[in-house]
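Reproduced below: structure08.txt, with compact mmCIF, C-alpha atoms.
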```txt
# COMPACT_ATOMS: atom_id res chain seq x y z
CA MET A 10 85.08 74.55 90.68
CA SER A 11 84.94 73.27 87.08
CA GLU A 12 83.55 75.15 84.09
CA GLU A 13 80.78 72.55 83.71
CA ARG A 14 79.52 73.15 87.23
CA LEU A 15 79.67 76.88 86.75
CA THR A 16 77.73 76.62 83.49
CA GLY A 17 75.14 74.42 85.14
CA ARG A 18 74.54 77.01 87.84
CA GLN A 19 74.04 79.76 85.31
CA ASP A 20 71.57 77.67 83.32
CA ARG A 21 69.50 76.90 86.41
CA SER A 22 69.36 80.59 87.32
CA GLY A 23 67.42 81.31 84.15
CA PHE A 24 69.92 83.84 82.78
CA ASP A 25 69.34 84.28 79.04
CA ASP A 26 71.33 86.72 76.87
CA ASP A 27 68.60 87.05 74.19
CA ALA A 28 65.95 87.82 76.77
CA SER A 29 68.26 90.38 78.36
CA ASP A 30 68.77 92.14 75.01
CA ALA A 31 65.02 92.28 74.37
CA SER A 32 64.26 93.67 77.81
CA PHE A 33 66.76 96.49 77.47
CA ARG A 34 66.26 97.49 73.81
CA PRO A 35 66.58 101.26 73.05
CA LEU A 36 63.42 103.40 73.24
CA HIS A 37 62.25 104.93 69.91
CA ALA A 38 60.76 108.41 69.71
CA ASP A 39 57.35 107.19 68.48
CA GLU A 40 56.94 104.66 71.28
CA PRO A 41 55.28 105.56 74.53
CA PRO A 42 57.54 105.31 77.56
CA ALA A 43 57.44 101.91 79.18
CA GLU A 44 56.08 101.51 82.65
CA ALA A 45 58.58 101.07 85.46
CA ALA A 46 59.59 97.50 86.02
CA PRO A 47 57.71 95.97 88.90
CA PRO A 48 59.79 95.27 92.03
CA ILE A 49 59.67 91.54 91.41
CA VAL A 50 61.61 92.04 88.12
CA LEU A 51 64.35 94.09 89.82
CA SER A 52 64.58 91.48 92.53
CA SER A 53 64.99 88.76 89.90
CA ILE A 54 67.81 90.70 88.23
CA SER A 55 69.64 90.99 91.58
CA LYS A 56 69.23 87.26 92.18
CA ILE A 57 70.70 86.58 88.75
CA ALA A 58 73.70 88.91 89.20
CA ALA A 59 74.70 87.58 92.64
CA PRO A 60 75.48 84.01 91.51
CA ALA A 61 77.42 85.45 88.56
CA ARG A 62 79.61 87.49 90.90
CA ARG A 63 80.12 84.54 93.21
CA GLY A 64 80.99 82.35 90.26
CA TRP A 65 83.66 84.81 89.06
CA VAL A 66 85.29 84.97 92.48
CA ALA A 67 85.18 81.19 92.82
CA ARG A 68 86.81 80.73 89.40
CA LEU A 69 89.58 83.19 90.29
CA ARG A 70 90.19 81.53 93.65
CA HIS A 71 90.18 78.07 92.10
CA GLY A 72 92.59 79.19 89.38
CA LEU A 73 95.06 80.69 91.84
CA ALA A 74 94.89 77.63 94.10
CA ARG A 75 95.47 75.33 91.13
CA ARG A 76 98.49 77.34 89.98
CA TRP A 77 99.94 77.37 93.50
CA LEU A 78 99.52 73.62 94.00
CA SER A 79 100.92 72.83 90.56
CA ALA A 80 104.04 74.96 91.17
CA SER A 81 107.28 73.18 92.03
CA PRO A 82 108.23 72.88 95.73
CA ASN A 83 111.25 75.14 95.19
CA LEU A 84 109.08 77.84 93.59
CA ARG A 85 106.61 77.75 96.46
CA GLY A 86 109.49 77.77 98.91
CA SER A 87 110.93 80.81 97.12
CA VAL A 88 107.64 82.70 97.53
CA TYR A 89 107.62 81.88 101.25
CA MET A 90 111.29 82.91 101.50
CA LEU A 91 110.92 86.30 99.78
CA SER A 92 107.80 87.05 101.80
CA SER A 93 109.65 86.29 105.03
CA LEU A 94 112.53 88.60 104.06
CA LEU A 95 110.17 91.52 103.40
CA VAL A 96 108.40 90.94 106.70
CA TYR A 97 111.70 90.61 108.57
CA ALA A 98 112.94 93.92 107.13
CA VAL A 99 110.09 95.68 108.94
CA MET A 100 110.75 93.72 112.13
CA VAL A 101 114.48 94.47 112.14
CA GLY A 102 113.91 98.17 111.56
CA ALA A 103 111.42 98.31 114.44
CA MET A 104 113.79 96.36 116.70
CA LYS A 105 116.71 98.68 115.95
CA HIS A 106 114.49 101.65 116.74
CA VAL A 107 113.08 100.41 120.04
CA GLY A 108 116.23 98.49 121.08
CA ALA A 109 118.00 101.72 122.00
CA ALA A 110 115.74 102.09 125.07
CA ILE A 111 114.35 98.61 125.89
CA PRO A 112 116.58 95.64 126.95
CA LEU A 113 116.91 92.98 124.26
CA ILE A 114 115.79 90.16 126.56
CA GLU A 115 112.59 92.09 127.28
CA ILE A 116 112.00 92.63 123.55
CA LEU A 117 112.50 88.93 122.85
CA MET A 118 110.21 87.94 125.74
CA ILE A 119 107.37 90.21 124.59
CA ARG A 120 107.89 89.09 121.01
CA GLN A 121 107.75 85.43 121.99
CA ILE A 122 104.64 85.84 124.17
CA ILE A 123 102.74 87.55 121.35
CA MET A 124 103.97 84.97 118.84
CA SER A 125 102.80 82.10 121.05
CA LEU A 126 99.41 83.73 121.66
CA VAL A 127 98.88 84.15 117.91
CA ILE A 128 99.73 80.52 117.22
CA VAL A 129 97.54 79.25 120.08
CA ALA A 130 94.62 81.39 118.88
CA ILE A 131 94.97 80.04 115.35
CA ALA A 132 95.38 76.46 116.56
CA GLY A 133 92.22 76.52 118.70
CA SER A 134 91.02 73.03 119.51
CA ALA A 135 93.91 71.54 117.52
CA LEU A 136 96.45 72.77 120.10
CA PRO A 137 96.85 69.37 121.87
CA LEU A 138 97.58 67.78 118.50
CA LEU A 139 100.15 70.46 117.63
CA MET A 140 101.95 69.95 120.94
CA ARG A 141 102.63 66.33 120.12
CA THR A 142 106.19 65.71 119.03
CA THR A 143 108.26 62.62 118.38
CA ARG A 144 111.54 64.45 119.07
CA PRO A 145 111.18 66.55 122.24
CA GLY A 146 114.93 66.61 122.88
CA LEU A 147 115.68 68.07 119.47
CA GLN A 148 112.83 70.56 119.90
CA ILE A 149 114.33 71.84 123.17
CA THR A 150 117.83 71.95 121.66
CA ARG A 151 116.55 73.92 118.70
CA GLY A 152 114.83 76.37 121.04
CA LEU A 153 118.06 77.01 122.95
CA ILE A 154 120.05 77.44 119.74
CA THR A 155 117.41 79.81 118.41
CA LEU A 156 117.61 81.92 121.58
CA ALA A 157 121.40 82.14 121.29
CA SER A 158 121.12 83.11 117.62
CA MET A 159 118.58 85.84 118.44
CA LEU A 160 120.59 87.30 121.33
CA CYS A 161 123.76 87.52 119.25
CA GLY A 162 122.23 88.52 115.94
CA PHE A 163 119.81 91.15 117.28
CA SER A 164 122.51 92.65 119.52
CA ALA A 165 124.53 93.28 116.36
CA VAL A 166 121.51 94.71 114.54
CA ILE A 167 120.88 97.23 117.34
CA HIS A 168 124.48 98.43 117.77
CA ILE A 169 126.18 98.32 114.35
CA PRO A 170 125.00 99.40 110.86
CA LEU A 171 122.33 97.13 109.41
CA ALA A 172 124.28 96.50 106.20
CA GLN A 173 127.36 95.33 108.12
CA ALA A 174 125.39 93.11 110.48
CA THR A 175 123.50 91.57 107.55
CA ALA A 176 126.58 91.02 105.40
CA ILE A 177 128.45 89.32 108.25
CA GLY A 178 125.39 87.17 108.85
CA PHE A 179 125.84 85.62 105.41
CA SER A 180 128.72 83.62 106.87
CA GLN A 181 125.97 81.30 108.15
CA VAL A 182 126.21 79.41 104.85
CA PHE A 183 129.83 78.48 105.60
CA PHE A 184 128.88 77.31 109.09
CA VAL A 185 126.16 75.17 107.49
CA THR A 186 128.88 73.54 105.36
CA ILE A 187 130.86 72.71 108.50
CA ALA A 188 127.73 71.46 110.27
CA ALA A 189 126.95 69.24 107.29
CA VAL A 190 130.25 67.46 107.89
CA LEU A 191 130.04 67.24 111.68
CA VAL A 192 126.30 66.60 112.16
CA LEU A 193 124.90 65.24 108.91
CA LYS A 194 128.11 63.31 108.08
CA GLU A 195 128.28 64.67 104.55
CA LYS A 196 131.44 64.70 102.48
CA VAL A 197 132.78 68.11 101.41
CA ASP A 198 135.38 68.32 98.65
CA SER A 199 138.47 70.54 98.67
CA ARG A 200 136.91 73.24 96.46
CA ARG A 201 134.10 73.85 98.92
CA TRP A 202 136.59 74.10 101.77
CA ILE A 203 138.54 76.68 99.74
CA ALA A 204 135.32 78.63 99.14
CA THR A 205 134.61 78.51 102.87
CA ILE A 206 138.06 79.87 103.72
CA ILE A 207 137.70 82.65 101.13
CA GLY A 208 134.30 83.50 102.57
CA PHE A 209 135.69 83.85 106.06
CA ALA A 210 138.43 86.09 104.63
CA GLY A 211 135.65 88.35 103.35
CA VAL A 212 134.13 88.36 106.83
CA MET A 213 137.48 89.44 108.32
CA ILE A 214 137.62 92.34 105.86
CA MET A 215 134.20 93.48 107.10
CA LEU A 216 135.35 93.15 110.70
CA ASP A 217 138.33 95.40 109.84
CA PRO A 218 140.43 94.67 112.97
CA SER A 219 143.04 97.25 111.89
CA ALA A 220 140.54 100.08 112.54
CA GLY A 221 140.92 100.08 116.33
CA GLY A 222 140.36 96.42 117.21
CA LEU A 223 137.50 93.99 116.72
CA ASN A 224 134.01 95.31 117.38
CA ILE A 225 132.32 93.11 119.97
CA TYR A 226 128.95 93.48 118.26
CA ALA A 227 130.44 92.50 114.90
CA LEU A 228 131.76 89.37 116.61
CA ALA A 229 128.27 88.85 118.02
CA SER A 230 126.97 88.91 114.45
CA ILE A 231 129.36 86.06 113.57
CA ALA A 232 128.20 84.12 116.63
CA GLY A 233 124.61 84.71 115.53
CA ALA A 234 125.44 83.26 112.12
CA LEU A 235 127.04 80.23 113.78
CA PHE A 236 123.95 79.54 115.88
CA GLY A 237 121.75 80.34 112.87
CA ALA A 238 123.44 77.49 111.00
CA GLY A 239 122.46 75.22 113.88
CA VAL A 240 118.86 76.42 113.55
CA THR A 241 118.87 75.66 109.82
CA VAL A 242 120.23 72.16 110.33
CA SER A 243 117.78 71.41 113.15
CA VAL A 244 114.81 72.59 111.07
CA ARG A 245 115.86 70.28 108.26
CA MET A 246 116.12 67.41 110.75
CA LEU A 247 112.66 68.15 112.17
CA ALA A 248 110.95 68.84 108.84
CA ALA A 249 110.23 65.20 108.07
CA THR A 250 108.09 64.57 111.16
CA GLU A 251 107.09 67.91 112.73
CA ARG A 252 104.60 70.61 111.76
CA THR A 253 105.69 74.23 111.39
CA GLU A 254 103.36 75.26 114.22
CA THR A 255 104.75 72.52 116.48
CA ILE A 256 108.30 73.76 115.96
CA LEU A 257 107.31 77.34 116.75
CA LEU A 258 105.25 76.35 119.82
CA TYR A 259 108.14 74.45 121.38
CA GLN A 260 110.45 77.33 120.56
CA GLY A 261 108.09 79.60 122.47
CA VAL A 262 108.01 77.31 125.50
CA VAL A 263 111.81 77.13 125.66
CA LEU A 264 112.39 80.86 125.12
CA MET A 265 109.81 81.99 127.68
CA ALA A 266 111.09 79.52 130.29
CA VAL A 267 114.69 80.71 129.88
CA LEU A 268 113.92 84.45 129.62
CA ALA A 269 111.33 84.69 132.40
CA VAL A 270 113.68 85.48 135.33
CA PRO A 271 116.16 87.75 133.45
CA CYS A 272 113.26 89.66 131.88
CA TRP A 273 111.62 90.22 135.29
CA TRP A 274 114.94 91.37 136.77
CA PHE A 275 115.80 93.87 134.00
CA TRP A 276 112.24 94.95 133.14
CA THR A 277 111.87 98.49 131.76
CA GLN A 278 108.34 99.84 131.45
CA PRO A 279 107.73 100.73 127.77
CA SER A 280 105.99 103.94 126.79
CA PRO A 281 102.80 103.78 124.64
CA GLU A 282 104.86 104.56 121.53
CA GLN A 283 107.35 101.82 122.40
CA TRP A 284 104.50 99.37 123.00
CA PHE A 285 103.33 100.06 119.46
CA TRP A 286 106.73 99.15 118.03
CA LEU A 287 107.02 96.11 120.29
CA VAL A 288 103.66 94.75 119.16
CA LEU A 289 104.46 95.55 115.53
CA LEU A 290 107.81 93.78 115.53
CA SER A 291 106.26 90.85 117.40
CA LEU A 292 103.50 90.35 114.84
CA PHE A 293 105.88 90.76 111.91
CA GLY A 294 108.40 88.49 113.60
CA THR A 295 105.71 85.82 114.01
CA ALA A 296 104.74 86.02 110.36
CA GLY A 297 108.35 86.09 109.21
CA GLN A 298 109.41 83.09 111.28
CA TRP A 299 106.44 81.04 110.12
CA LEU A 300 107.14 81.92 106.48
CA LEU A 301 110.85 81.13 106.82
CA THR A 302 110.24 77.81 108.58
CA ARG A 303 107.65 76.92 105.96
CA ALA A 304 110.04 77.85 103.16
CA TYR A 305 112.70 75.40 104.34
CA GLN A 306 110.11 72.70 104.87
CA VAL A 307 108.79 73.06 101.32
CA GLY A 308 111.90 73.88 99.29
CA GLU A 309 115.51 72.74 99.21
CA ALA A 310 117.98 74.79 101.25
CA ALA A 311 120.44 74.99 98.34
CA ALA A 312 117.73 76.41 96.09
CA LEU A 313 116.46 78.96 98.64
CA ALA A 314 119.77 80.21 100.04
CA PRO A 315 120.64 82.57 97.12
CA LEU A 316 117.42 84.50 97.77
CA ASP A 317 118.76 85.36 101.21
CA PHE A 318 121.01 87.98 99.61
CA THR A 319 117.89 90.12 99.17
CA ARG A 320 118.32 90.88 102.87
CA LEU A 321 121.43 92.94 102.11
CA ILE A 322 119.52 95.18 99.69
CA LEU A 323 116.67 95.61 102.17
CA SER A 324 119.10 96.30 105.03
CA CYS A 325 121.00 98.92 103.04
CA PHE A 326 117.73 100.62 102.14
CA THR A 327 116.36 100.53 105.70
CA GLY A 328 119.63 101.69 107.24
CA PHE A 329 120.06 104.57 104.81
CA VAL A 330 116.45 105.83 104.78
CA PHE A 331 115.51 105.43 108.44
CA PHE A 332 118.85 105.53 110.32
CA ALA A 333 121.09 107.58 107.97
CA GLU A 334 123.61 104.71 107.73
CA ILE A 335 126.07 104.62 104.83
CA PRO A 336 127.90 101.27 104.42
CA ALA A 337 131.69 101.47 104.76
CA LEU A 338 133.97 100.54 101.86
CA THR A 339 135.28 97.52 103.79
CA THR A 340 131.68 96.33 104.21
CA GLY A 341 131.11 96.49 100.44
CA ILE A 342 134.37 94.68 99.58
CA GLY A 343 133.90 92.00 102.22
CA ALA A 344 130.26 91.50 101.28
CA ALA A 345 131.20 91.00 97.61
CA ILE A 346 133.74 88.31 98.59
CA VAL A 347 131.31 86.58 100.94
CA ILE A 348 128.50 86.62 98.38
CA GLY A 349 130.76 85.21 95.64
CA ALA A 350 132.05 82.42 97.88
CA THR A 351 128.55 81.68 99.15
CA LEU A 352 127.09 81.41 95.65
CA TYR A 353 129.86 78.97 94.71
CA THR A 354 129.22 76.93 97.86
CA ILE A 355 125.48 76.83 97.18
CA ARG A 356 126.11 75.68 93.62
CA LYS A 357 128.38 72.88 94.83
CA ASN A 358 125.92 71.89 97.56
CA ALA A 359 123.14 71.53 95.00
CA ARG A 360 124.98 68.99 92.85
CA PRO A 361 125.18 66.05 95.30
CA ALA A 362 121.50 66.53 96.18
CA LEU A 363 120.57 65.65 92.60
CA THR A 364 122.33 62.31 92.77
CA THR A 365 122.35 61.21 96.40
CA GLY A 366 119.40 63.10 97.83
CA ALA A 367 121.53 64.43 100.68
CA GLY A 368 120.48 67.57 102.48
CA PRO A 369 122.56 70.75 102.77
```
Kindly present the structure from the file in structure tokens form.
Amino acid sequence: MSEERLTGRQDRSGFDDDASDASFRPLHADEPPAEAAPPIVLSSISKIAAPARRGWVARLRHGLARRWLSASPNLRGSVYMLSSLLVYAVMVGAMKHVGAAIPLIEILMIRQIIMSLVIVAIAGSALPLLMRTTRPGLQITRGLITLASMLCGFSAVIHIPLAQATAIGFSQVFFVTIAAVLVLKEKVDSRRWIATIIGFAGVMIMLDPSAGGLNIYALASIAGALFGAGVTVSVRMLAATERTETILLYQGVVLMAVLAVPCWWFWTQPSPEQWFWLVLLSLFGTAGQWLLTRAYQVGEAAALAPLDFTRLILSCFTGFVFFAEIPALTTGIGAAIVIGATLYTIRKNARPALTTGAGP
């Protein structure tokens, strides 16, 4: 709403500053007290104040909307990305808590059912439109890859320290580099390959095979990062033609179809307290996945990827405060190597996009 329109509304309401000052002048000692204002006057004042309040709210809303729309796509994508990381931190903590007693496939099934119900409720009559897709095969493939990423990644989150699982998960960036060569047919120079090798060396330090062999759940975290790279690439491929809600709806269809029988077979009845955590992580997971998908649709992957390191800070905080986890020295050293190599890779990935327009 423009200032001219706001001013026009105030003028038509009859609001006059001089008249207001005269009506509320101070009372002198030699003047008799004025009679109480008739109800019609008080009613008029209320009618004057209400449009003023509505006008202030409208101006604030219009100003925020204008700033948001005028922001660069990468800035808006960054806001979506950071919001998703905060929401995911709550979801991961709840999943680690309830995952000690409830099978993971059951958690994922409940989470996906609630997520799909939320999206369907929001879609309403637009649901048939949102179910239309020009790439059903890629939608199904993405759903299967997403399921594999969740099974591997969340298994690691439940059974090993959050900081270690998160730090190993950063190897996803290196798998994206490999996928860019194999799937997107991009050219990768020797320096990026060196950074990828160094990054995987950092991952091996975090795995620490000399300390009694490789931890199967740490390996699951690497597998989750591998499948997560496939999710990232598939989202970028779908972003040009598909809505965020369409991607999430097809993901729900695929996950529920695949998990239905295993979930029925291994079902464990949750307690009321566990139902609370299951619903909480499902709602936060829905919000987080929508925000993350939206972030990569709006912003460039190379610009958003560095923000992902915020997850390590949040994971360390959550693990220490709620689960009494202290990251091992090998986790810190390996994470530093992985982060350094990842930042270099992201910087190199951003340069070709400025000249050729190629994706990550």
- Query: CA of Cys161 (chain A) to CA of Glu309 (chain A): how many Å, to one decimal?
  - Reply: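 Atom-to-atom, CA of Cys161 (chain A) to CA of Glu309 (chain A), that is 26.2 Å.
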- Message: So that I can check the surroundings of region 344-352 of chain A, please list as a ChimeraX atom specification every protein, DNA and RNA residue that reaches within 7 Å of it, counting only C-alpha atoms and ignoring chain neighbours fewer than 6 positions away.
- Response: /A:176,182,204-205,207-208,211-212,315
- Fewer than 6 positions away in the same chain doesn't count, so skip those; otherwise give me all residues within 7 Å of region 73-85 of chain A, counting all atoms listed in the file, as a PyMOL selection string. chain A and resi 307-309+312
- Query: Using only C-alpha atoms, which of the listed residues (A:Trp299, A:Tyr97, A:Trp273, A:Phe236) sits closest to Met124 (chain A)?
  - Reply: A:Trp299
- Note on the structure: Separating CA of Met246 (chain A) from CA of Gly86 (chain A), to the nearest tenth of an Å, is a gap of 17.1 Å
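Here CA of Trp276 (chain A) is placed at a distance of 6.5 Å from CA of Glu115 (chain A).
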- Message: Can you pull out the residues contacting region 120-123 of chain A? Cut-off 10 Å, using all atoms listed in the file, and skip same-chain residues under 2 positions away; I want them as a ChimeraX atom specification.
- Response: /A:114-118,125-129,257-258,260-265,268,287-295
Please produce an output containing C-alpha atoms for each residue in the selection, written as an mmCIF file, in the frame of the given file.
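Dumped everything to selection_8.cif:
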```cif
data_model
loop_
_atom_site.group_PDB
_atom_site.id
_atom_site.type_symbol
_atom_site.label_atom_id
_atom_site.label_comp_id
_atom_site.auth_asym_id
_atom_site.auth_seq_id
_atom_site.Cartn_x
_atom_site.Cartn_y
_atom_site.Cartn_z
ATOM 1 C CA ILE A 114 115.790 90.160 126.560
ATOM 2 C CA GLU A 115 112.590 92.090 127.280
ATOM 3 C CA ILE A 116 112.000 92.630 123.550
ATOM 4 C CA LEU A 117 112.500 88.930 122.850
ATOM 5 C CA MET A 118 110.210 87.940 125.740
ATOM 6 C CA SER A 125 102.800 82.100 121.050
ATOM 7 C CA LEU A 126 99.410 83.730 121.660
ATOM 8 C CA VAL A 127 98.880 84.150 117.910
ATOM 9 C CA ILE A 128 99.730 80.520 117.220
ATOM 10 C CA VAL A 129 97.540 79.250 120.080
ATOM 11 C CA LEU A 257 107.310 77.340 116.750
ATOM 12 C CA LEU A 258 105.250 76.350 119.820
ATOM 13 C CA GLN A 260 110.450 77.330 120.560
ATOM 14 C CA GLY A 261 108.090 79.600 122.470
ATOM 15 C CA VAL A 262 108.010 77.310 125.500
ATOM 16 C CA VAL A 263 111.810 77.130 125.660
ATOM 17 C CA LEU A 264 112.390 80.860 125.120
ATOM 18 C CA MET A 265 109.810 81.990 127.680
ATOM 19 C CA LEU A 268 113.920 84.450 129.620
ATOM 20 C CA LEU A 287 107.020 96.110 120.290
ATOM 21 C CA VAL A 288 103.660 94.750 119.160
ATOM 22 C CA LEU A 289 104.460 95.550 115.530
ATOM 23 C CA LEU A 290 107.810 93.780 115.530
ATOM 24 C CA SER A 291 106.260 90.850 117.400
ATOM 25 C CA LEU A 292 103.500 90.350 114.840
ATOM 26 C CA PHE A 293 105.880 90.760 111.910
ATOM 27 C CA GLY A 294 108.400 88.490 113.600
ATOM 28 C CA THR A 295 105.710 85.820 114.010
#
```
- Message: With only C-alpha atoms as the counted atoms, please give the residues lying no more than 8 Å from Ala98 (chain A), apart from itself and same-chain residues fewer than 5 positions off, as a PyMOL selection string.
- Response: chain A and resi 320+323-324+327
- Message: Which residues are near region 247-256 of chain A? Cut-off 12 Å, all atoms listed in the file, ignore same chain within fewer than 2 positions. Put them as number ranges by chain.
- Response: A: 124-132, 135-152, 155, 240-245, 258-263, 295-296, 298-310, 368
